[in-house]
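For reference, the structure discussed in these notes is given below.
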Amino acid sequence: MPIPDDVTGEEIDKDIRQELQSLPKGLADDVARNLVMVARLIDEEPEEAYAYSRVALRLASRVAAVREAAGFAAYATQKYSEALAEFRAARRMTGGVELWPVMADCERGLGRPERALAMAGEPETQKLDKAGQVEMRLVAAGARRDMGQLDAAIVTLQSPELASSSVQPWTARLRYAYADALLAAGREAEAREWFAKALEADKDGATDASDRLAEIDGVEFVDVSDDTSDDSDDAADDDDSDESEDESEGGDVRGDADGRDA
């Protein structure tokens with residue numbers, strides 16, 4: 001896979017760079033550059049990110065950071081079985097629990113919501129930091145919805161983090177999930193309130209809360225550029241029609257130059 005010349009490998013997190021020090025320098029640099037490409041592309045071009053992750057994996061499969069990156073790239077392309085295998089490998093290498101929520105979400109992706117719920121109740125969840133615990137709550141609520149348990153999903157999301165007025169990195173997504181569950185349960189007025197709260201906390205545009213609010217309110221957005229284009233087309237059609245009438249009056253009945261009838 002080609003890598004731009006401006007990618008040096010120094011862009012990666014220092015902790016990952018330290019992990020790569022167990023490799024020969026040239027190899028470490030190659031792996032680092034591929035990991036940089038994974039990070040750059042995973043949101044917008046997940047398939048390309050996945051391809052770079054496979055190169056890194058081929059070069060350094062015994063490095064936990066590489067297995068983790070490969071897992072996230074597979075997850076982004078909905079290769080849940082592969083992602084789960086990579087996450088498990090990374091966890092065995094590090095002994096950490098940080099990947100527990102995304103591993104549970106892979107179980108959901110594989111059609112096993114019951115397994116995801118079971119993971120939410122295991123001791124590893126209690127070892128997660130606050131962000132990890134919120135993520136696990138989101139996964140558990142999603143699993144409840146997968147099983148058709150809407151009311152249980154709503155209750156699962158009700159937590160001190162949801163009620164808190166402080167805005168954290170997870171706040172917008174938590175409020176959005178709660179609003180979405182309420183709407184699915186037919187509680188539209190409450191859903192609108194929580195979509196508005198999600199929008200208030202969503203400074204980076206991580207959710208489409210504004211679109212969901214507009215949908216509830218029956219607001220339709222008009223693309224002005226399209227209207228302008230349509231008007232121009234109408235005007236052109238009128239001109240073509242006038243020209244055709246003039247030609248008909250002169251006894252010359254023809255199609256337009258592009259093959260369309262006037």
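In the structure tokens, each chain is lettered A, B, ... as it comes, each chain's residues begin at 1, and ligands are numbered from 1 in order of appearance.
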
Which neighbours of Glu82 of chain A fall inside 12 Å, counting only C-alpha atoms, when residues of the same chain fewer than 3 positions from it are skipped, and could you give them as a PyMOL selection string? chain A and resi 50+54+67-79+85-89+103+106-107+109-110

Would you mind exporting the chosen residues as a PDB file, in the first residue's frame, restricted to N, CA and C atoms?
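As a result, part_24.pdb now contains:
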ATOM      1  N   TYR A  50      -8.645  -0.339   6.602  1.00  0.00           N
ATOM      2  CA  TYR A  50      -8.554  -1.782   6.838  1.00  0.00           C
ATOM      3  C   TYR A  50      -7.373  -2.380   6.075  1.00  0.00           C
ATOM      4  N   ARG A  54      -4.041  -4.323   7.683  1.00  0.00           N
ATOM      5  CA  ARG A  54      -3.598  -5.677   7.353  1.00  0.00           C
ATOM      6  C   ARG A  54      -2.098  -5.718   7.072  1.00  0.00           C
ATOM      7  N   ARG A  67      -2.592  -5.160  16.875  1.00  0.00           N
ATOM      8  CA  ARG A  67      -3.800  -5.997  16.926  1.00  0.00           C
ATOM      9  C   ARG A  67      -5.029  -5.139  17.215  1.00  0.00           C
ATOM     10  N   GLU A  68      -4.875  -4.161  18.092  1.00  0.00           N
ATOM     11  CA  GLU A  68      -5.992  -3.273  18.417  1.00  0.00           C
ATOM     12  C   GLU A  68      -6.407  -2.445  17.212  1.00  0.00           C
ATOM     13  N   ALA A  69      -5.424  -1.882  16.498  1.00  0.00           N
ATOM     14  CA  ALA A  69      -5.724  -1.089  15.303  1.00  0.00           C
ATOM     15  C   ALA A  69      -6.410  -1.943  14.249  1.00  0.00           C
ATOM     16  N   ALA A  70      -5.937  -3.161  14.092  1.00  0.00           N
ATOM     17  CA  ALA A  70      -6.561  -4.087  13.132  1.00  0.00           C
ATOM     18  C   ALA A  70      -8.003  -4.381  13.545  1.00  0.00           C
ATOM     19  N   GLY A  71      -8.226  -4.488  14.850  1.00  0.00           N
ATOM     20  CA  GLY A  71      -9.573  -4.724  15.347  1.00  0.00           C
ATOM     21  C   GLY A  71     -10.515  -3.577  15.037  1.00  0.00           C
ATOM     22  N   PHE A  72     -10.061  -2.361  15.271  1.00  0.00           N
ATOM     23  CA  PHE A  72     -10.913  -1.203  15.005  1.00  0.00           C
ATOM     24  C   PHE A  72     -11.168  -1.020  13.514  1.00  0.00           C
ATOM     25  N   ALA A  73     -10.167  -1.330  12.685  1.00  0.00           N
ATOM     26  CA  ALA A  73     -10.363  -1.222  11.239  1.00  0.00           C
ATOM     27  C   ALA A  73     -11.375  -2.264  10.761  1.00  0.00           C
ATOM     28  N   ALA A  74     -11.295  -3.468  11.300  1.00  0.00           N
ATOM     29  CA  ALA A  74     -12.269  -4.505  10.947  1.00  0.00           C
ATOM     30  C   ALA A  74     -13.659  -4.119  11.453  1.00  0.00           C
ATOM     31  N   TYR A  75     -13.716  -3.569  12.645  1.00  0.00           N
ATOM     32  CA  TYR A  75     -14.989  -3.131  13.237  1.00  0.00           C
ATOM     33  C   TYR A  75     -15.638  -2.048  12.374  1.00  0.00           C
ATOM     34  N   ALA A  76     -14.813  -1.120  11.874  1.00  0.00           N
ATOM     35  CA  ALA A  76     -15.329  -0.022  11.051  1.00  0.00           C
ATOM     36  C   ALA A  76     -15.892  -0.510   9.728  1.00  0.00           C
ATOM     37  N   THR A  77     -15.440  -1.663   9.281  1.00  0.00           N
ATOM     38  CA  THR A  77     -15.940  -2.234   8.027  1.00  0.00           C
ATOM     39  C   THR A  77     -16.942  -3.369   8.285  1.00  0.00           C
ATOM     40  N   GLN A  78     -17.406  -3.449   9.520  1.00  0.00           N
ATOM     41  CA  GLN A  78     -18.442  -4.414   9.931  1.00  0.00           C
ATOM     42  C   GLN A  78     -17.991  -5.870   9.800  1.00  0.00           C
ATOM     43  N   LYS A  79     -16.692  -6.096   9.898  1.00  0.00           N
ATOM     44  CA  LYS A  79     -16.163  -7.463   9.941  1.00  0.00           C
ATOM     45  C   LYS A  79     -16.057  -7.849  11.421  1.00  0.00           C
ATOM     46  N   ALA A  85     -11.858 -11.126  17.202  1.00  0.00           N
ATOM     47  CA  ALA A  85     -10.650 -11.941  17.355  1.00  0.00           C
ATOM     48  C   ALA A  85      -9.429 -11.060  17.626  1.00  0.00           C
ATOM     49  N   GLU A  86      -9.331  -9.941  16.920  1.00  0.00           N
ATOM     50  CA  GLU A  86      -8.192  -9.038  17.125  1.00  0.00           C
ATOM     51  C   GLU A  86      -8.244  -8.373  18.500  1.00  0.00           C
ATOM     52  N   PHE A  87      -9.443  -7.960  18.908  1.00  0.00           N
ATOM     53  CA  PHE A  87      -9.580  -7.341  20.232  1.00  0.00           C
ATOM     54  C   PHE A  87      -9.220  -8.325  21.339  1.00  0.00           C
ATOM     55  N   ARG A  88      -9.644  -9.555  21.175  1.00  0.00           N
ATOM     56  CA  ARG A  88      -9.311 -10.575  22.178  1.00  0.00           C
ATOM     57  C   ARG A  88      -7.803 -10.788  22.245  1.00  0.00           C
ATOM     58  N   ALA A  89      -7.153 -10.800  21.086  1.00  0.00           N
ATOM     59  CA  ALA A  89      -5.707 -10.976  21.054  1.00  0.00           C
ATOM     60  C   ALA A  89      -5.008  -9.816  21.747  1.00  0.00           C
ATOM     61  N   MET A 103     -15.820  -4.959  22.334  1.00  0.00           N
ATOM     62  CA  MET A 103     -15.934  -6.406  22.166  1.00  0.00           C
ATOM     63  C   MET A 103     -17.399  -6.837  22.320  1.00  0.00           C
ATOM     64  N   CYS A 106     -19.284  -5.979  19.257  1.00  0.00           N
ATOM     65  CA  CYS A 106     -19.035  -6.968  18.201  1.00  0.00           C
ATOM     66  C   CYS A 106     -19.996  -8.146  18.346  1.00  0.00           C
ATOM     67  N   GLU A 107     -20.262  -8.535  19.587  1.00  0.00           N
ATOM     68  CA  GLU A 107     -21.223  -9.618  19.814  1.00  0.00           C
ATOM     69  C   GLU A 107     -22.604  -9.216  19.277  1.00  0.00           C
ATOM     70  N   GLY A 109     -23.054  -7.134  16.803  1.00  0.00           N
ATOM     71  CA  GLY A 109     -22.919  -7.167  15.359  1.00  0.00           C
ATOM     72  C   GLY A 109     -23.025  -8.576  14.793  1.00  0.00           C
ATOM     73  N   LEU A 110     -22.641  -9.546  15.595  1.00  0.00           N
ATOM     74  CA  LEU A 110     -22.709 -10.948  15.183  1.00  0.00           C
ATOM     75  C   LEU A 110     -24.075 -11.569  15.475  1.00  0.00           C
TER      76      LEU A 110
END

So which residues touch Glu122 of chain A within 12 Å, counting only C-alpha atoms, skipping near sequence neighbours fewer than 4 positions away, as a ChimeraX atom specification? /A:97,100-101,104,115-118,126-128,133,136

Based on the selection just made, write N, CA and C atoms of those residues as a compact mmCIF listing (two decimals), in the first residue's frame.
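Output file again_4.txt follows:
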# COMPACT_ATOMS: atom_id res chain seq x y z
N VAL A 97 -8.81 -3.84 30.23
CA VAL A 97 -10.24 -4.03 30.00
C VAL A 97 -10.83 -2.95 29.08
N TRP A 100 -13.34 -3.86 26.36
CA TRP A 100 -14.51 -4.65 26.73
C TRP A 100 -15.80 -4.16 26.07
N PRO A 101 -16.11 -2.85 26.07
CA PRO A 101 -17.36 -2.40 25.45
C PRO A 101 -17.42 -2.68 23.95
N ALA A 104 -18.08 -6.25 23.30
CA ALA A 104 -19.49 -6.56 23.50
C ALA A 104 -20.32 -6.11 22.29
N ARG A 115 -25.27 -12.22 24.56
CA ARG A 115 -23.88 -12.28 24.99
C ARG A 115 -23.37 -10.89 25.36
N ALA A 116 -23.77 -9.89 24.61
CA ALA A 116 -23.38 -8.52 24.93
C ALA A 116 -23.92 -8.11 26.30
N LEU A 117 -25.17 -8.47 26.58
CA LEU A 117 -25.75 -8.16 27.88
C LEU A 117 -25.02 -8.90 29.01
N ALA A 118 -24.66 -10.13 28.75
CA ALA A 118 -23.93 -10.89 29.77
C ALA A 118 -22.59 -10.23 30.07
N GLN A 126 -16.88 -3.26 35.80
CA GLN A 126 -16.62 -2.44 36.98
C GLN A 126 -15.21 -1.88 36.98
N LYS A 127 -14.32 -2.46 36.19
CA LYS A 127 -12.93 -1.98 36.14
C LYS A 127 -12.73 -0.87 35.10
N LEU A 128 -13.76 -0.61 34.31
CA LEU A 128 -13.67 0.43 33.28
C LEU A 128 -13.67 1.82 33.90
N GLN A 133 -17.49 2.90 31.09
CA GLN A 133 -18.75 2.45 31.68
C GLN A 133 -19.95 3.03 30.93
N MET A 136 -20.25 1.08 27.79
CA MET A 136 -20.85 -0.22 28.05
C MET A 136 -22.36 -0.09 28.23

For a test of reading the model, state the distance in Å between atom CA of Leu157 of chain A and atom CA of Thr207 of chain A, rounded to one decimal.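 According to the coordinates, atom CA of Leu157 of chain A and atom CA of Thr207 of chain A are separated by 17.0 Å.
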
Mind giving me the straight-line distance from atom CA of Leu150 of chain A to atom CA of Arg175 of chain A in Å, one decimal?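 Atom CA of Arg175 of chain A lies 15.7 Å from atom CA of Leu150 of chain A.
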
Calculate how many Å separate atom CA of Ala141 of chain A from atom CA of Thr156 of chain A, rounding to one decimal. 5.7 Å
